[in-house]
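Working notes for the structure below.
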Amino acid sequence: MIITNGIIVTWGEPNEILEGQDLLIQDGKIAAISPAGSLQAAYPDEEILDAGGQMVMPGNICAHTHFYGAFSRGMAIPGEPPANFSQILAQLWWKLDKALDEEGVRYSALVCLADAIRYGTTTLFDHHASPNCIDGSLDIEHDAVVESGLRASICYEVTDRDGNERAIAGVKENGRFISRVLAGNADPLVRAHFGLHASLTVSDATLEACLEENDGRAGFHSHASEGIVDEEDSLKKYGVRVIQRFADRGVLGPKTILAHGVNADEAEIDLLAQSQTWLTHQPRSNMNNGVGVAPIPEMLKRGVKVGLGNDGFSNAMWQDWNAAYLIQKDKYLDPRMMGGYDIVKMAITNNSRLATETYQGLRIGVIEKDAAADLIFVAYHPITPMTAGNLPWHILFGFRDGMVTTTIVAGKVLMKDRRLLTLDEVEIAAKAREIAAKTWTGVN
């Protein structure tokens, strides 16, 4: 198709805002960017998609999420309110994931994916857990992602907290699915990482089993130093901090994603930078769990590849932009901390590079020739001058969730004029309510 009448934001380096240009989409990629009208003359049979003067941008990317977290919405945590991160894990998340069956895995994924389409998040890195439904759980997620039309890299979080048998089942589930992806038996939009829950629930023996099963085929995806308990546990059991432990065992590297790093010290930051490991920042989740504020400015300064995720919060990623922008200023009592370009470095540049590497060099997150045609239309009409230079602040202070009107992935329209085309939101929500109610009885 040919996309016309849009204000194109390339998010290239340097970023450009193009007016009077059309996009030609062929075979899931951007085939050409040309002056308005020229493509229609050259390709008279192509379908025309009129952007109606809206902004045309690359879709957002979420570098760390949990699809199943959708089923926590509105759920009261049994007993007294948890007083710390360890209690949140034990009283909420480790009860919720145990209560998931096949239907729970499927529909918690579908509601999250529908949310992503509506809010213009086109690539997601999911971290899944369902201890009573491990075997085949990644196939269920795979099928939900394919149905939605989005891109996603998925994994199963290996943990010892449910015993050795389930830990090994998680190891095998990752290995099996990675083999499926590498053999070409998965949809081209789906990729795989090797999931670990966190250092505090993965023993040396289990970690060794993960390394052996993975055999360098995929990057790991794990929580790391999300709460201070993770560091304390590692120091007590292994005599080193979390990121040092992962470095010593061969987990770190340019394909691995570590989520959070809230309590990372200077030596751990250097390890991340030296190993070129990805570190994802989830500010809304960190604030909600009361675990502290990750030292993101220092990480960026030292060359850590910091991306932006949401940890299972809504896929309205501009909310995480805003939280990331504000929380550092409050932490340091310094309004100069975390500028708009720092947010772009994480949410656009680094997330794009992570996605591009995950998809074997296919450029994702930019508008340029031969890049993936993963696009959104945004109904934003600036009330002050907007340039490529000041665009980050227009997004931070002007963009709202409902402004995304059209979502496209690999050239396929998933939502047009705010109506989802691949997923039936009403049917999915109705079924999800029924299944979530059953899931909640397992939690209580």
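Chains: A, B, ... in order of the structure tokens. Residues: from 1 per chain. Ligands: from 1, in order shown.
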- Message: What parts of range 114-272 of chain A does DSSP call alpha helix (DSSP H)? I'd like the answer as number ranges by chain.
- Response: A: 114-118, 137-148, 164-182, 204-214, 228-238, 242-249, 266-272
Determine which residues of range 286-377 of chain A DSSP labels as strand (DSSP E or B) from the backbone of this structure, then write them out as a PDB file with N, CA and C atoms, in the first residue's frame.
```
ATOM      1  N   LYS A 305      23.674  -0.227  27.714  1.00  0.00           N
ATOM      2  CA  LYS A 305      22.584  -0.219  26.736  1.00  0.00           C
ATOM      3  C   LYS A 305      21.256  -0.324  27.494  1.00  0.00           C
ATOM      4  N   VAL A 306      20.707   0.821  27.856  1.00  0.00           N
ATOM      5  CA  VAL A 306      19.482   0.868  28.646  1.00  0.00           C
ATOM      6  C   VAL A 306      18.276   1.023  27.727  1.00  0.00           C
ATOM      7  N   GLY A 307      17.325   0.084  27.855  1.00  0.00           N
ATOM      8  CA  GLY A 307      16.064   0.181  27.135  1.00  0.00           C
ATOM      9  C   GLY A 307      14.927   0.466  28.092  1.00  0.00           C
ATOM     10  N   LEU A 308      13.727   0.604  27.543  1.00  0.00           N
ATOM     11  CA  LEU A 308      12.563   0.935  28.358  1.00  0.00           C
ATOM     12  C   LEU A 308      11.501  -0.148  28.214  1.00  0.00           C
ATOM     13  N   ALA A 372      11.343  -2.398   8.736  1.00  0.00           N
ATOM     14  CA  ALA A 372      10.041  -3.035   8.948  1.00  0.00           C
ATOM     15  C   ALA A 372       8.933  -1.988   8.910  1.00  0.00           C
ATOM     16  N   LEU A 375       4.201   0.650  12.010  1.00  0.00           N
ATOM     17  CA  LEU A 375       3.881   2.072  12.025  1.00  0.00           C
ATOM     18  C   LEU A 375       2.633   2.352  12.850  1.00  0.00           C
ATOM     19  N   ILE A 376       2.560   3.568  13.349  1.00  0.00           N
ATOM     20  CA  ILE A 376       1.346   4.037  14.013  1.00  0.00           C
ATOM     21  C   ILE A 376       0.987   5.423  13.492  1.00  0.00           C
ATOM     22  N   PHE A 377      -0.320   5.716  13.465  1.00  0.00           N
ATOM     23  CA  PHE A 377      -0.802   7.059  13.171  1.00  0.00           C
ATOM     24  C   PHE A 377      -1.211   7.684  14.502  1.00  0.00           C
TER      25      PHE A 377
END
```
- Excluding same-chain residues fewer than 3 positions from range 248-253 of chain A, what lies within 7 Å of it counting only C-alpha atoms, as a list in words? Phe220, Gln244, Arg245, Thr256, Ser275, Gln276 and Thr277 of chain A
Selected residues written out, N, CA and C atoms, as a short mmCIF file (atom, residue, chain, number, x, y, z; two decimals), in the first residue's frame:
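Generated file (result.cif):
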```cif
data_model
loop_
_atom_site.label_atom_id
_atom_site.label_comp_id
_atom_site.auth_asym_id
_atom_site.auth_seq_id
_atom_site.Cartn_x
_atom_site.Cartn_y
_atom_site.Cartn_z
N PHE A 220 19.74 -14.50 27.24
CA PHE A 220 18.92 -14.71 28.42
C PHE A 220 18.05 -13.47 28.66
N GLN A 244 27.48 -9.58 39.17
CA GLN A 244 28.76 -10.26 39.17
C GLN A 244 28.56 -11.77 39.08
N ARG A 245 27.58 -12.29 39.80
CA ARG A 245 27.29 -13.73 39.73
C ARG A 245 26.92 -14.13 38.31
N THR A 256 21.76 -10.66 25.89
CA THR A 256 21.03 -10.87 27.15
C THR A 256 20.36 -9.58 27.61
N SER A 275 30.23 -5.88 29.12
CA SER A 275 29.69 -7.08 28.49
C SER A 275 28.67 -6.75 27.40
N GLN A 276 28.29 -5.47 27.30
CA GLN A 276 27.28 -5.01 26.33
C GLN A 276 25.93 -5.69 26.55
N THR A 277 25.64 -5.98 27.82
CA THR A 277 24.35 -6.56 28.20
C THR A 277 23.27 -5.47 28.20
#
```
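Excluding Ile77 in chain A and any residue on its chain fewer than 2 positions from it, the residues at most 8 Å away by only C-alpha atoms are Met75, Gly79, Glu80, Pro81, Gln91 and Leu92 of chain A.
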Write out, as an mmCIF file, in the first residue's frame, the residues just selected, with C-alpha atoms.
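The resulting selection-v9.cif:
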```
data_model
loop_
_atom_site.group_PDB
_atom_site.id
_atom_site.type_symbol
_atom_site.label_atom_id
_atom_site.label_comp_id
_atom_site.auth_asym_id
_atom_site.auth_seq_id
_atom_site.Cartn_x
_atom_site.Cartn_y
_atom_site.Cartn_z
ATOM 1 C CA MET A 75 -7.303 -8.163 42.108
ATOM 2 C CA GLY A 79 -4.291 -10.951 53.706
ATOM 3 C CA GLU A 80 -2.518 -7.913 55.057
ATOM 4 C CA PRO A 81 -1.053 -5.524 52.476
ATOM 5 C CA GLN A 91 1.428 -12.797 48.134
ATOM 6 C CA LEU A 92 0.616 -11.675 44.586
#
```
- Query: If you measure from CA of Asp45 in chain A to CA of Ala410 in chain A, what distance in Å do you get, rounded to one decimal?
  - Reply: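 Separation of CA of Asp45 in chain A and CA of Ala410 in chain A: 19.7 Å.
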- Task: May I ask which of the residues A:Asp374, A:Asp97, A:Glu165, A:Asp311 is the closest one to Glu226 in chain A, counting only C-alpha atoms?
- Result: A:Asp311
- Message: Give me the residues near Asp320 in chain A as an MDAnalysis selection string, where near means some atom within 9 Å (using only C-alpha atoms) and where sequence neighbours in that chain fewer than 5 positions away do not count.
- Response: chainID A and resid 282:284 308:310 325
Please, could you write that set of residues out with C-alpha atoms as a PDB file, in the first residue's frame?
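Final output, out36.pdb:
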```
ATOM      1  CA  GLN A 282      10.552  -0.024  34.282  1.00  0.00           C
ATOM      2  CA  PRO A 283       9.878   3.146  36.317  1.00  0.00           C
ATOM      3  CA  ARG A 284       6.131   2.696  36.890  1.00  0.00           C
ATOM      4  CA  LEU A 308      12.563   0.935  28.358  1.00  0.00           C
ATOM      5  CA  GLY A 309       9.923  -1.597  29.376  1.00  0.00           C
ATOM      6  CA  ASN A 310       6.713  -1.640  31.408  1.00  0.00           C
ATOM      7  CA  TYR A 325      11.584  11.550  32.812  1.00  0.00           C
TER       8      TYR A 325
END
```
- Query: Between A:Pro382, A:Gly365, A:Pro297, A:Gly52, which has the minimum distance to Ile343 in chain A (counting only C-alpha atoms)?
  - Reply: A:Pro297
- Which residue gives the smallest distance to His221 in chain A among A:Gly195, A:Gly402, A:Gly411, A:Gly184, with only C-alpha atoms counted? A:Gly195
- Item | Atomic separation - CA of Asn286 in chain A relative to CA of Gly163 in chain A, Å | 27.9 Å
- Message: Can you pull out the residues contacting Leu420 in chain A? Cut-off 9 Å, using only C-alpha atoms, and skip same-chain residues under 6 positions away; I want them as a list in words.
- Response: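 Listed by chain and then number, they are Ala114, Ile117, Arg118, Thr406, Thr407, Val413 and Leu414 of chain A.
Each of A:Ser153, A:Asn185, A:Ser225, A:Thr206 was checked against Arg241 in chain A using only C-alpha atoms; the smallest atom-to-atom distance is that of A:Ser225.
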- Given only C-alpha atoms as the counted atoms, nearest of A:Ile296, A:Ala32, A:Ala63, A:Ile327 to Ala347 in chain A: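 Of all the options, A:Ala63 lies closest to Ala347 in chain A.
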- Taking only C-alpha atoms into account, which of A:Arg400, A:Lys172, A:His142, A:Arg166 comes nearest Ala192 in chain A? A:His142
- Would you kindly return, as an NGL selection string, each protein, DNA or RNA residue with an atom no farther than 8 Å from any atom of Ala294 in chain A, considering only C-alpha atoms and excluding same-chain residues fewer than 5 positions away? :A and (260-264 or 281)
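In this structure, CA of Thr159 in chain A sits 17.5 Å away from CA of Gly69 in chain A.
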